[in-house]
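work10.csv (CSV, C-alpha atoms) appears below.
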```csv
chain,number,residue,atom,x,y,z
A,1,MET,CA,33.2,-23.8,20.9
A,2,THR,CA,33.6,-20.1,20.3
A,3,VAL,CA,31.4,-18.1,17.9
A,4,PHE,CA,34.5,-17.6,15.7
A,5,SER,CA,35.4,-21.3,15.5
A,6,ALA,CA,31.7,-22.2,14.8
A,7,LEU,CA,31.7,-19.6,11.9
A,8,SER,CA,35.1,-21.0,10.6
A,9,LEU,CA,33.8,-24.5,10.7
A,10,ALA,CA,30.6,-23.4,8.8
A,11,GLY,CA,32.8,-21.6,6.2
A,12,VAL,CA,35.0,-24.7,5.7
A,13,LEU,CA,31.9,-26.9,5.3
A,14,CYS,CA,30.5,-24.5,2.7
A,15,LEU,CA,33.8,-24.6,0.8
A,16,VAL,CA,33.8,-28.4,0.9
A,17,ALA,CA,30.3,-28.5,-0.4
A,18,LEU,CA,31.1,-26.0,-3.1
A,19,ALA,CA,34.1,-28.0,-4.2
A,20,ALA,CA,32.1,-31.1,-4.3
A,21,GLY,CA,29.5,-29.4,-6.4
A,22,VAL,CA,32.1,-28.1,-8.8
A,23,THR,CA,33.5,-31.7,-9.1
A,24,VAL,CA,30.1,-33.2,-9.7
A,25,GLY,CA,29.3,-30.4,-12.2
A,26,ALA,CA,32.5,-31.0,-14.0
A,27,ARG,CA,31.7,-34.7,-14.3
A,28,LEU,CA,28.2,-34.1,-15.4
A,29,ALA,CA,29.0,-31.3,-17.9
A,30,PRO,CA,30.1,-33.6,-20.8
A,31,ARG,CA,27.1,-35.7,-20.2
A,32,VAL,CA,24.8,-32.7,-20.2
A,33,MET,CA,26.5,-31.4,-23.4
A,34,GLU,CA,26.2,-34.8,-25.1
A,35,ARG,CA,22.5,-35.0,-24.1
A,36,ARG,CA,21.8,-31.5,-25.5
A,37,GLN,CA,23.6,-32.5,-28.8
A,38,ARG,CA,21.6,-35.7,-29.0
A,39,VAL,CA,18.3,-33.8,-28.5
A,40,ALA,CA,19.3,-31.2,-31.1
A,41,VAL,CA,20.2,-33.9,-33.6
A,42,GLU,CA,17.0,-35.9,-32.9
A,43,SER,CA,14.9,-32.7,-33.3
A,44,ALA,CA,16.4,-32.3,-36.7
A,45,GLY,CA,15.0,-35.7,-37.7
A,46,ILE,CA,18.3,-37.5,-38.3
A,47,THR,CA,20.6,-39.7,-36.2
A,48,VAL,CA,24.2,-38.8,-35.3
A,49,ALA,CA,25.4,-41.5,-37.8
A,50,GLN,CA,23.3,-40.0,-40.5
A,51,MET,CA,24.6,-36.5,-39.8
A,52,LEU,CA,28.2,-37.7,-39.9
A,53,GLU,CA,27.6,-39.5,-43.2
A,54,ARG,CA,26.2,-36.3,-44.7
A,55,ILE,CA,29.1,-34.3,-43.4
A,56,VAL,CA,31.6,-36.7,-45.1
A,57,ALA,CA,29.5,-36.7,-48.3
A,58,LEU,CA,29.7,-32.9,-48.5
A,59,MET,CA,33.4,-32.6,-47.7
A,60,PRO,CA,35.7,-31.2,-50.5
A,61,VAL,CA,38.1,-34.0,-49.7
A,62,GLY,CA,37.7,-37.4,-51.4
A,63,THR,CA,37.2,-40.1,-48.7
A,64,ALA,CA,37.1,-43.9,-49.0
A,65,VAL,CA,37.4,-46.8,-46.5
A,66,VAL,CA,39.0,-50.0,-47.7
A,67,ASP,CA,39.7,-53.4,-46.2
A,68,HIS,CA,42.4,-56.0,-46.5
A,69,HIS,CA,40.8,-57.4,-49.7
A,70,ARG,CA,40.8,-54.0,-51.4
A,71,ASP,CA,37.0,-53.9,-51.1
A,72,VAL,CA,35.8,-50.3,-50.8
A,73,VAL,CA,33.2,-50.3,-47.9
A,74,TYR,CA,32.5,-46.6,-48.0
A,75,LEU,CA,33.2,-43.6,-50.3
A,76,ASN,CA,31.9,-40.2,-50.9
A,77,ASP,CA,31.1,-38.6,-54.3
A,78,ARG,CA,34.3,-36.5,-54.2
A,79,ALA,CA,36.4,-39.7,-54.1
A,80,LYS,CA,34.9,-40.6,-57.5
A,81,GLU,CA,35.3,-37.1,-58.9
A,82,LEU,CA,39.0,-37.1,-58.0
A,83,GLY,CA,39.6,-40.6,-59.4
A,84,LEU,CA,40.3,-42.3,-56.1
A,85,VAL,CA,37.7,-44.9,-56.8
A,86,ARG,CA,36.7,-46.0,-60.3
A,87,GLU,CA,33.9,-48.6,-60.7
A,88,ARG,CA,34.2,-49.5,-57.0
A,89,GLN,CA,37.9,-50.2,-57.5
A,90,LEU,CA,40.5,-48.3,-55.5
A,91,ASP,CA,43.2,-46.6,-57.5
A,92,ASP,CA,46.4,-48.6,-57.7
A,93,GLU,CA,48.6,-46.0,-56.0
A,94,ALA,CA,46.1,-45.5,-53.3
A,95,TRP,CA,45.8,-49.2,-52.7
A,96,LYS,CA,49.6,-49.5,-52.4
A,97,ALA,CA,49.5,-46.8,-49.7
A,98,ALA,CA,46.5,-48.4,-47.9
A,99,ARG,CA,48.0,-51.8,-48.0
A,100,GLN,CA,51.2,-50.5,-46.3
A,101,THR,CA,49.1,-48.7,-43.7
A,102,LEU,CA,47.1,-51.9,-42.9
A,103,ALA,CA,50.4,-53.9,-42.6
A,104,GLU,CA,52.5,-51.4,-40.7
A,105,GLY,CA,50.0,-49.0,-39.1
A,106,ALA,CA,51.8,-46.0,-40.5
A,107,ASP,CA,50.3,-43.0,-42.3
A,108,VAL,CA,51.4,-43.0,-45.9
A,109,GLU,CA,51.3,-40.2,-48.5
A,110,PHE,CA,50.9,-40.8,-52.2
A,111,ASP,CA,50.0,-39.2,-55.5
A,112,LEU,CA,47.4,-40.5,-57.9
A,113,LEU,CA,48.6,-41.2,-61.4
A,114,PRO,CA,47.0,-39.3,-64.3
A,115,SER,CA,43.9,-41.0,-65.6
A,116,LYS,CA,44.4,-43.4,-68.6
A,117,ARG,CA,41.0,-42.2,-69.8
A,118,PRO,CA,41.0,-38.5,-69.5
A,119,VAL,CA,37.7,-36.7,-69.7
A,120,PRO,CA,37.4,-34.5,-72.9
A,121,GLY,CA,37.4,-30.8,-72.1
A,122,ARG,CA,38.7,-31.2,-68.6
A,123,SER,CA,42.3,-30.5,-67.6
A,124,GLU,CA,44.3,-33.2,-65.9
A,125,LEU,CA,44.1,-33.0,-62.1
A,126,ALA,CA,47.0,-33.3,-59.7
A,127,VAL,CA,45.7,-35.4,-56.8
A,128,HIS,CA,47.6,-35.9,-53.5
A,129,GLY,CA,46.4,-38.3,-50.7
A,130,HIS,CA,47.0,-39.9,-47.3
A,131,ALA,CA,46.2,-43.3,-46.0
A,132,ARG,CA,45.8,-44.1,-42.3
A,133,LEU,CA,44.2,-46.6,-40.1
A,134,LEU,CA,40.6,-46.1,-39.3
A,135,SER,CA,41.2,-47.3,-35.8
A,136,GLU,CA,44.3,-48.3,-33.9
A,137,GLN,CA,42.3,-51.0,-32.0
A,138,ASP,CA,40.7,-52.5,-35.1
A,139,ARG,CA,43.2,-52.8,-38.0
A,140,ARG,CA,40.8,-54.2,-40.5
A,141,PHE,CA,40.2,-50.9,-42.3
A,142,ALA,CA,42.2,-48.0,-43.7
A,143,VAL,CA,40.7,-44.7,-44.5
A,144,VAL,CA,42.1,-42.9,-47.6
A,145,PHE,CA,41.8,-39.1,-48.1
A,146,VAL,CA,42.6,-37.3,-51.4
A,147,TYR,CA,42.4,-33.7,-52.4
A,148,ASP,CA,42.9,-31.6,-55.5
A,149,HIS,CA,46.5,-30.6,-55.6
A,150,SER,CA,46.3,-28.9,-59.1
A,151,GLU,CA,46.7,-25.3,-58.1
A,152,TYR,CA,49.8,-26.0,-56.0
A,153,ALA,CA,51.3,-28.2,-58.8
A,154,ARG,CA,50.6,-25.4,-61.3
A,155,LEU,CA,52.3,-22.8,-59.1
A,156,GLU,CA,55.3,-25.1,-58.6
A,157,ALA,CA,55.6,-25.7,-62.4
A,158,THR,CA,55.3,-21.9,-62.9
A,159,ARG,CA,58.1,-21.3,-60.4
A,160,ARG,CA,60.4,-23.9,-62.1
A,161,ASP,CA,59.7,-22.4,-65.5
A,162,PHE,CA,60.3,-18.9,-64.1
A,163,VAL,CA,63.7,-19.9,-62.7
A,164,ALA,CA,64.7,-21.6,-65.9
A,165,ASN,CA,63.6,-18.6,-68.0
A,166,VAL,CA,65.4,-16.1,-65.8
A,167,SER,CA,68.6,-18.2,-65.9
A,168,HIS,CA,68.3,-18.4,-69.7
A,169,GLU,CA,67.5,-14.7,-70.2
A,170,LEU,CA,70.3,-13.5,-67.9
A,171,LYS,CA,72.8,-15.6,-69.7
A,172,THR,CA,72.3,-13.7,-72.9
A,173,PRO,CA,73.4,-10.2,-71.8
A,174,VAL,CA,76.0,-11.6,-69.4
A,175,GLY,CA,77.5,-13.7,-72.1
A,176,ALA,CA,77.5,-10.8,-74.5
A,177,MET,CA,79.2,-8.6,-72.0
A,178,SER,CA,81.9,-11.2,-71.4
A,179,VAL,CA,82.7,-11.5,-75.2
A,180,LEU,CA,82.7,-7.7,-75.6
A,181,ALA,CA,85.0,-7.3,-72.6
A,182,GLU,CA,87.5,-9.8,-74.2
A,183,ALA,CA,87.3,-7.8,-77.5
A,184,LEU,CA,88.0,-4.6,-75.6
A,185,LEU,CA,91.1,-6.1,-74.0
A,186,ALA,CA,92.3,-7.3,-77.4
A,187,SER,CA,91.7,-3.9,-79.0
A,188,ALA,CA,93.2,-1.7,-76.3
A,189,GLU,CA,95.4,0.1,-78.9
A,190,ASP,CA,92.5,1.0,-81.2
A,191,PRO,CA,90.4,3.8,-79.8
A,192,GLU,CA,87.7,3.5,-82.4
A,193,THR,CA,87.2,-0.2,-81.7
A,194,VAL,CA,87.3,0.4,-78.0
A,195,ARG,CA,84.6,3.0,-78.3
A,196,ARG,CA,82.4,0.7,-80.5
A,197,PHE,CA,82.7,-2.2,-78.2
A,198,GLY,CA,82.3,0.0,-75.1
A,199,GLU,CA,78.9,1.2,-76.5
A,200,LYS,CA,77.8,-2.3,-77.0
A,201,VAL,CA,78.8,-3.2,-73.4
A,202,LEU,CA,76.8,-0.3,-72.2
A,203,VAL,CA,73.7,-1.4,-74.1
A,204,GLU,CA,73.9,-4.9,-72.7
A,205,ALA,CA,74.6,-3.6,-69.2
A,206,THR,CA,71.5,-1.3,-69.5
A,207,ARG,CA,69.4,-4.2,-70.7
A,208,LEU,CA,70.6,-6.4,-67.8
A,209,GLY,CA,69.8,-3.6,-65.3
A,210,GLU,CA,66.3,-3.2,-66.7
A,211,MET,CA,65.6,-6.9,-66.6
A,212,ILE,CA,66.7,-7.1,-62.9
A,213,SER,CA,64.6,-4.0,-62.0
A,214,GLU,CA,61.5,-5.5,-63.8
A,215,LEU,CA,62.1,-8.9,-62.1
A,216,ILE,CA,62.1,-7.1,-58.7
A,217,GLU,CA,58.9,-5.2,-59.7
A,218,LEU,CA,57.2,-8.4,-60.9
A,219,SER,CA,58.1,-10.2,-57.6
A,220,ARG,CA,56.7,-7.3,-55.6
A,221,LEU,CA,53.4,-7.3,-57.6
A,222,GLN,CA,53.1,-11.1,-57.1
A,223,GLY,CA,53.1,-10.7,-53.3
A,224,ALA,CA,56.7,-10.6,-52.2
A,225,GLU,CA,56.1,-7.2,-50.6
A,226,ARG,CA,53.0,-5.4,-49.3
A,227,LEU,CA,51.6,-3.2,-52.0
A,228,PRO,CA,50.9,0.5,-51.3
A,229,ASP,CA,47.4,1.6,-50.3
A,230,LEU,CA,45.0,2.5,-53.0
A,231,GLY,CA,43.6,6.0,-53.5
A,232,ALA,CA,41.9,8.3,-56.0
A,233,VAL,CA,44.0,8.6,-59.2
A,234,ASP,CA,43.5,11.1,-62.0
A,235,VAL,CA,43.5,9.1,-65.3
A,236,ASP,CA,44.6,12.1,-67.3
A,237,SER,CA,47.8,12.5,-65.2
A,238,VAL,CA,48.6,8.8,-65.7
A,239,VAL,CA,48.3,9.1,-69.5
A,240,SER,CA,50.4,12.3,-69.5
A,241,GLU,CA,53.2,10.7,-67.5
A,242,ALA,CA,53.2,7.5,-69.5
A,243,ILE,CA,53.6,9.5,-72.7
A,244,SER,CA,56.4,11.7,-71.3
A,245,ARG,CA,58.4,8.6,-70.2
A,246,HIS,CA,58.7,7.5,-73.8
A,247,LYS,CA,59.0,10.8,-75.7
A,248,VAL,CA,62.7,10.2,-76.6
A,249,PRO,CA,62.2,6.6,-77.9
A,250,ALA,CA,59.2,7.7,-79.9
A,251,ASP,CA,61.1,10.6,-81.4
A,252,ASN,CA,64.1,8.4,-82.2
A,253,ALA,CA,61.7,6.0,-84.1
A,254,ASP,CA,59.9,8.9,-85.8
A,255,ILE,CA,56.7,7.7,-84.1
A,256,THR,CA,53.9,10.1,-82.9
A,257,VAL,CA,52.2,9.3,-79.7
A,258,CYS,CA,48.8,11.0,-79.5
A,259,THR,CA,45.9,11.0,-77.2
A,260,ASP,CA,42.3,12.1,-77.0
A,261,GLU,CA,41.1,15.1,-75.0
A,262,PRO,CA,41.5,15.2,-71.2
A,263,SER,CA,38.5,13.3,-69.6
A,264,GLY,CA,38.5,14.3,-66.0
A,265,LEU,CA,38.0,10.7,-65.1
A,266,ARG,CA,39.2,9.4,-61.7
A,267,MET,CA,39.7,5.9,-60.5
A,268,VAL,CA,40.8,3.9,-57.5
A,269,GLY,CA,44.3,2.6,-57.7
A,270,GLU,CA,48.0,3.4,-57.1
A,271,GLN,CA,49.4,6.1,-59.4
A,272,ALA,CA,52.9,4.8,-59.8
A,273,LEU,CA,51.8,1.3,-60.7
A,274,LEU,CA,49.2,2.5,-63.1
A,275,VAL,CA,51.8,4.7,-64.8
A,276,THR,CA,54.2,1.8,-65.0
A,277,ALA,CA,51.5,-0.5,-66.6
A,278,LEU,CA,50.4,2.1,-69.2
A,279,ALA,CA,54.1,3.1,-70.0
A,280,ASN,CA,54.9,-0.6,-70.6
A,281,LEU,CA,52.0,-0.8,-73.1
A,282,VAL,CA,53.2,2.4,-74.8
A,283,SER,CA,56.8,1.1,-74.9
A,284,ASN,CA,55.6,-2.2,-76.5
A,285,ALA,CA,53.6,-0.3,-79.1
A,286,ILE,CA,56.5,1.9,-80.1
A,287,ALA,CA,58.9,-1.1,-80.3
A,288,TYR,CA,56.6,-3.0,-82.7
A,289,SER,CA,55.5,-0.1,-84.9
A,290,PRO,CA,57.0,0.9,-88.2
A,291,ARG,CA,58.9,4.2,-88.5
A,292,GLY,CA,56.7,7.2,-89.1
A,293,SER,CA,53.6,5.6,-87.8
A,294,LEU,CA,51.1,6.6,-85.1
A,295,VAL,CA,50.5,5.3,-81.5
A,296,SER,CA,47.3,6.5,-79.9
A,297,ILE,CA,45.9,6.4,-76.4
A,298,SER,CA,42.2,6.7,-75.6
A,299,ARG,CA,40.2,6.6,-72.4
A,300,ARG,CA,36.6,6.2,-71.6
A,301,ARG,CA,34.1,5.0,-69.0
A,302,ARG,CA,32.5,1.6,-69.6
A,303,GLY,CA,29.8,1.1,-66.9
A,304,ASP,CA,31.6,1.0,-63.5
A,305,ASN,CA,35.0,0.6,-65.2
A,306,ILE,CA,37.4,2.9,-66.9
A,307,GLU,CA,39.1,1.7,-70.1
A,308,VAL,CA,42.5,3.1,-71.3
A,309,ALA,CA,43.5,1.7,-74.6
A,310,VAL,CA,46.8,1.8,-76.5
A,311,THR,CA,46.6,1.3,-80.3
A,312,ASP,CA,49.5,0.9,-82.7
A,313,ARG,CA,49.7,0.3,-86.4
A,314,GLY,CA,52.3,-2.5,-86.2
A,315,ILE,CA,52.4,-6.0,-87.5
A,316,GLY,CA,49.8,-7.3,-85.0
A,317,ILE,CA,49.8,-10.5,-83.0
A,318,ALA,CA,48.9,-13.9,-84.4
A,319,ARG,CA,45.7,-15.3,-82.9
A,320,LYS,CA,47.5,-18.3,-81.5
A,321,ASP,CA,49.8,-16.0,-79.5
A,322,GLN,CA,47.2,-13.6,-78.2
A,323,GLU,CA,46.6,-15.6,-75.0
A,324,ARG,CA,50.3,-15.8,-74.2
A,325,VAL,CA,51.6,-12.3,-74.8
A,326,PHE,CA,51.3,-11.4,-71.1
A,327,GLU,CA,53.4,-14.4,-70.0
A,328,ARG,CA,56.9,-13.7,-68.6
A,329,PHE,CA,59.6,-13.9,-71.3
A,330,PHE,CA,57.1,-14.8,-74.0
A,331,ARG,CA,58.1,-13.3,-77.4
A,332,ALA,CA,56.0,-13.9,-80.5
A,333,ASP,CA,58.9,-12.7,-82.7
A,334,LYS,CA,62.2,-13.6,-81.0
A,335,ALA,CA,64.3,-11.9,-83.6
A,336,ARG,CA,62.4,-8.7,-83.4
A,337,SER,CA,62.5,-8.8,-79.6
A,338,ARG,CA,66.3,-9.0,-79.6
A,339,ALA,CA,66.5,-6.1,-82.0
A,340,THR,CA,64.3,-3.9,-79.9
A,341,GLY,CA,66.2,-4.8,-76.7
A,342,GLY,CA,63.1,-5.8,-74.7
A,343,THR,CA,63.3,-7.8,-71.5
A,344,GLY,CA,60.2,-9.9,-72.1
A,345,LEU,CA,58.7,-8.8,-68.7
A,346,GLY,CA,56.9,-5.6,-69.5
A,347,LEU,CA,53.5,-7.1,-70.4
A,348,ALA,CA,53.7,-9.5,-67.5
A,349,ILE,CA,54.0,-6.5,-65.2
A,350,VAL,CA,50.9,-5.0,-66.9
A,351,LYS,CA,49.0,-8.2,-66.3
A,352,HIS,CA,49.8,-8.2,-62.5
A,353,VAL,CA,49.1,-4.5,-62.0
```

Show me, as structure tokens, the structure contained in the file I just sent.
Amino acid sequence: MTVFSALSLAGVLCLVALAAGVTVGARLAPRVMERRQRVAVESAGITVAQMLERIVALMPVGTAVVDHHRDVVYLNDRAKELGLVRERQLDDEAWKAARQTLAEGADVEFDLLPSKRPVPGRSELAVHGHARLLSEQDRRFAVVFVYDHSEYARLEATRRDFVANVSHELKTPVGAMSVLAEALLASAEDPETVRRFGEKVLVEATRLGEMISELIELSRLQGAERLPDLGAVDVDSVVSEAISRHKVPADNADITVCTDEPSGLRMVGEQALLVTALANLVSNAIAYSPRGSLVSISRRRRGDNIEVAVTDRGIGIARKDQERVFERFFRADKARSRATGGTGLGLAIVKHV
């Protein structure tokens, strides 16, 4: 045997030994890891079963295990908090899902029905759940999970209300424009009537355009688009621009918009959005103030915050409506809102800015 062949053979044997070592190591690795985990758990003074039980107990998801007789053999506290189990009895809807799972082996989704005995001072929860077999090999038990679905349900209800409100609000100017257009066609020979109806069409078209613009702005503020980066903003310039935007409406209503002395205050924000929010407040104050009255704007530092306040001398807002004035399309005085031509979105935009 040559020196080269002897070296080659030695190299092959080394590779075989290395490969064997890797194989054995790969087989032993899970065992070593399992042993380390067991040692770590034992050093903590609890068993693996106890650790798993504590994990399930602390989960934000309600969990219960039920058998064919509807006996609840395990549950965590969250299951009771969400109404999955009451007095050791599984909820009726959950039991229907669990029974189907035990019979067919399929995962089943369900919603818990509202409690017949609501807790005073607590809003009703929307609870969604799943039922599945605890083990494919042993079909005696089903595990049922439930979680608080309230925020999603609230957002979905808000979305439905928003779509319904938009549809209703858009119908008003569109319907008015349609009627006015018919009147225009019928009065083509009367220039004065044409001019009068034409002005009304323009008013409704302007209102419709403003509403669409504000819907787009509101959608952007609620996350449909990425908002601009924040930076240092001069509060005095925001106040000045908001006042200048509404000089003509204020003059037409014989309303004086005044402000305190420049403050030199600066804040972190986005100038265009802040101007829009303040201008909407000023617009609302002008719309609901009597002719010849005063609307004032003040600014001051309050701790780490800067407060800009708009004050009018109008009719005020009923206490029962004060929590709702920033809702989309909410109007405390619907007749007055129609007269002022508001869209019902201005204060909602202020809230989201």

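With all atoms listed in the file as the atoms that count, the residue of A:Glu270, A:Glu241, A:Asp251, A:Glu93 with the shortest distance to A:Arg291 is A:Asp251.
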
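The two atoms in question, atom CA of A:Val194 and atom CA of A:Met211, are spaced 25.6 Å apart.
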
* Asked: What is the atom CA of A:Ser283-atom CA of A:Gly316 distance in Å, reported with one decimal?
  -> 14.9 Å

How close does stretch 137-211 of chain A get to stretch 75-90 of chain A? List, as a tab-separated table, each residue of stretch 137-211 of chain A within 12 Å, its nearest atom pair and the distance in Å to one decimal, counting all atoms listed in the file.
```
residue	atom	partner	partner_atom	distance
A:Ala142	CA	A:Leu90	CA	11.9
A:Val143	CA	A:Leu75	CA	9.5
A:Val144	CA	A:Leu84	CA	8.7
A:Phe145	CA	A:Ala79	CA	8.1
A:Val146	CA	A:Ala79	CA	7.2
A:Tyr147	CA	A:Leu82	CA	7.4
A:Asp148	CA	A:Leu82	CA	7.2
A:His149	CA	A:Leu82	CA	10.2
A:Ser150	CA	A:Leu82	CA	11.0
```

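If you look at atom CA of A:Ile349 and atom CA of A:Ser178, they are 29.0 Å away from each other.
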
* To do: Would you kindly return, as an MDAnalysis selection string, each protein, DNA or RNA residue with an atom no farther than 12 Å from any atom of A:Ala183, considering all atoms listed in the file and excluding same-chain residues fewer than 6 positions away?
  => chainID A and resid 176:177 189:190 193:198 200:201

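Considering the residues A:Arg154, A:His69, A:Arg132, A:His246 and counting all atoms listed in the file, A:Phe110 has its shortest atom-to-atom contact with A:Arg132.
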
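Residue nearest A:Arg207 within the list A:Val233, A:Ala57, A:Pro173, A:Ser240: A:Pro173 [criterion: smallest interatomic distance, all atoms listed in the file].
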
* Skip A:Ser298 itself and residues of its chain fewer than 5 positions away, then list as an MDAnalysis selection string all residues within 10 Å of it, counting all atoms listed in the file. => chainID A and resid 239 258:263 307:311

Within-9 Å shell of (39.4, 9.9, -63.1) in input frame, all atoms listed in the file, as a PDB file with C-alpha atoms, in the coordinates of the input:
```pdb
ATOM      1  CA  ALA A 232      41.900   8.300 -56.000  1.00  0.00           C
ATOM      2  CA  VAL A 233      44.000   8.600 -59.200  1.00  0.00           C
ATOM      3  CA  ASP A 234      43.500  11.100 -62.000  1.00  0.00           C
ATOM      4  CA  VAL A 235      43.500   9.100 -65.300  1.00  0.00           C
ATOM      5  CA  ASP A 236      44.600  12.100 -67.300  1.00  0.00           C
ATOM      6  CA  SER A 263      38.500  13.300 -69.600  1.00  0.00           C
ATOM      7  CA  GLY A 264      38.500  14.300 -66.000  1.00  0.00           C
ATOM      8  CA  LEU A 265      38.000  10.700 -65.100  1.00  0.00           C
ATOM      9  CA  ARG A 266      39.200   9.400 -61.700  1.00  0.00           C
ATOM     10  CA  MET A 267      39.700   5.900 -60.500  1.00  0.00           C
ATOM     11  CA  VAL A 268      40.800   3.900 -57.500  1.00  0.00           C
ATOM     12  CA  ILE A 306      37.400   2.900 -66.900  1.00  0.00           C
TER      13      ILE A 306
END
```

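If you measure from each of A:Leu125, A:Leu133, A:Leu345, A:Val203 to A:His68 using only C-alpha atoms, the closest one turns out to be A:Leu133.
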
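With all atoms listed in the file as the atoms that count, the residue of A:His128, A:Gly292, A:Ile315, A:Asp111 with the shortest distance to A:Ala253 is A:Gly292.
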
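Excluding stretch 97-108 of chain A itself and same-chain residues fewer than 3 positions from it, the residues having an atom within 6 Å of it are Ala94, His130, Ala131 and Arg132 of chain A, counting all atoms listed in the file.
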
* To do: Fewer than 5 positions away in the same chain doesn't count, so skip those; otherwise give me all residues within 8 Å of A:Ala279, counting all atoms listed in the file, as a ChimeraX atom specification.
  => /A:242-243,245-246

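Among the candidates A:Ser289, A:Asp91, A:Gly129, A:Ala157, the residue lying nearest to A:Val61 is A:Gly129 (atoms considered: all atoms listed in the file).
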
If I only have part of stretch 65-79 of chain A, can you fill in N, CA and C atoms and write it as a PDB file, in the coordinates of the input?
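Output below, filename result_32.pdb:
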```
ATOM      1  N   VAL A  65      36.920 -45.803 -47.503  1.00  0.00           N
ATOM      2  CA  VAL A  65      37.400 -46.800 -46.500  1.00  0.00           C
ATOM      3  C   VAL A  65      37.520 -48.116 -47.215  1.00  0.00           C
ATOM      4  N   VAL A  66      38.685 -48.760 -47.028  1.00  0.00           N
ATOM      5  CA  VAL A  66      39.000 -50.000 -47.700  1.00  0.00           C
ATOM      6  C   VAL A  66      39.477 -51.042 -46.756  1.00  0.00           C
ATOM      7  N   ASP A  67      39.213 -52.334 -47.045  1.00  0.00           N
ATOM      8  CA  ASP A  67      39.700 -53.400 -46.200  1.00  0.00           C
ATOM      9  C   ASP A  67      40.853 -54.145 -46.759  1.00  0.00           C
ATOM     10  N   HIS A  68      41.258 -55.245 -46.104  1.00  0.00           N
ATOM     11  CA  HIS A  68      42.400 -56.000 -46.500  1.00  0.00           C
ATOM     12  C   HIS A  68      42.267 -56.612 -47.932  1.00  0.00           C
ATOM     13  N   HIS A  69      41.041 -56.797 -48.364  1.00  0.00           N
ATOM     14  CA  HIS A  69      40.800 -57.400 -49.700  1.00  0.00           C
ATOM     15  C   HIS A  69      40.622 -56.394 -50.773  1.00  0.00           C
ATOM     16  N   ARG A  70      40.906 -55.140 -50.471  1.00  0.00           N
ATOM     17  CA  ARG A  70      40.800 -54.000 -51.400  1.00  0.00           C
ATOM     18  C   ARG A  70      39.314 -53.676 -51.708  1.00  0.00           C
ATOM     19  N   ASP A  71      38.419 -54.223 -50.894  1.00  0.00           N
ATOM     20  CA  ASP A  71      37.000 -53.900 -51.100  1.00  0.00           C
ATOM     21  C   ASP A  71      36.736 -52.510 -50.478  1.00  0.00           C
ATOM     22  N   VAL A  72      36.101 -51.658 -51.252  1.00  0.00           N
ATOM     23  CA  VAL A  72      35.800 -50.300 -50.800  1.00  0.00           C
ATOM     24  C   VAL A  72      34.413 -50.415 -50.061  1.00  0.00           C
ATOM     25  N   VAL A  73      34.447 -50.190 -48.753  1.00  0.00           N
ATOM     26  CA  VAL A  73      33.200 -50.300 -47.900  1.00  0.00           C
ATOM     27  C   VAL A  73      32.511 -49.020 -47.753  1.00  0.00           C
ATOM     28  N   TYR A  74      33.198 -47.909 -48.064  1.00  0.00           N
ATOM     29  CA  TYR A  74      32.500 -46.600 -48.000  1.00  0.00           C
ATOM     30  C   TYR A  74      33.301 -45.627 -48.886  1.00  0.00           C
ATOM     31  N   LEU A  75      32.573 -44.729 -49.537  1.00  0.00           N
ATOM     32  CA  LEU A  75      33.200 -43.600 -50.300  1.00  0.00           C
ATOM     33  C   LEU A  75      32.208 -42.508 -50.445  1.00  0.00           C
ATOM     34  N   ASN A  76      32.737 -41.291 -50.623  1.00  0.00           N
ATOM     35  CA  ASN A  76      31.900 -40.200 -50.900  1.00  0.00           C
ATOM     36  C   ASN A  76      31.995 -39.810 -52.418  1.00  0.00           C
ATOM     37  N   ASP A  77      31.135 -38.917 -52.879  1.00  0.00           N
ATOM     38  CA  ASP A  77      31.100 -38.600 -54.300  1.00  0.00           C
ATOM     39  C   ASP A  77      32.452 -37.931 -54.731  1.00  0.00           C
ATOM     40  N   ARG A  78      33.069 -37.159 -53.825  1.00  0.00           N
ATOM     41  CA  ARG A  78      34.300 -36.500 -54.200  1.00  0.00           C
ATOM     42  C   ARG A  78      35.421 -37.486 -54.490  1.00  0.00           C
ATOM     43  N   ALA A  79      35.389 -38.649 -53.837  1.00  0.00           N
ATOM     44  CA  ALA A  79      36.400 -39.700 -54.100  1.00  0.00           C
ATOM     45  C   ALA A  79      36.309 -40.151 -55.566  1.00  0.00           C
TER      46      ALA A  79
END
```
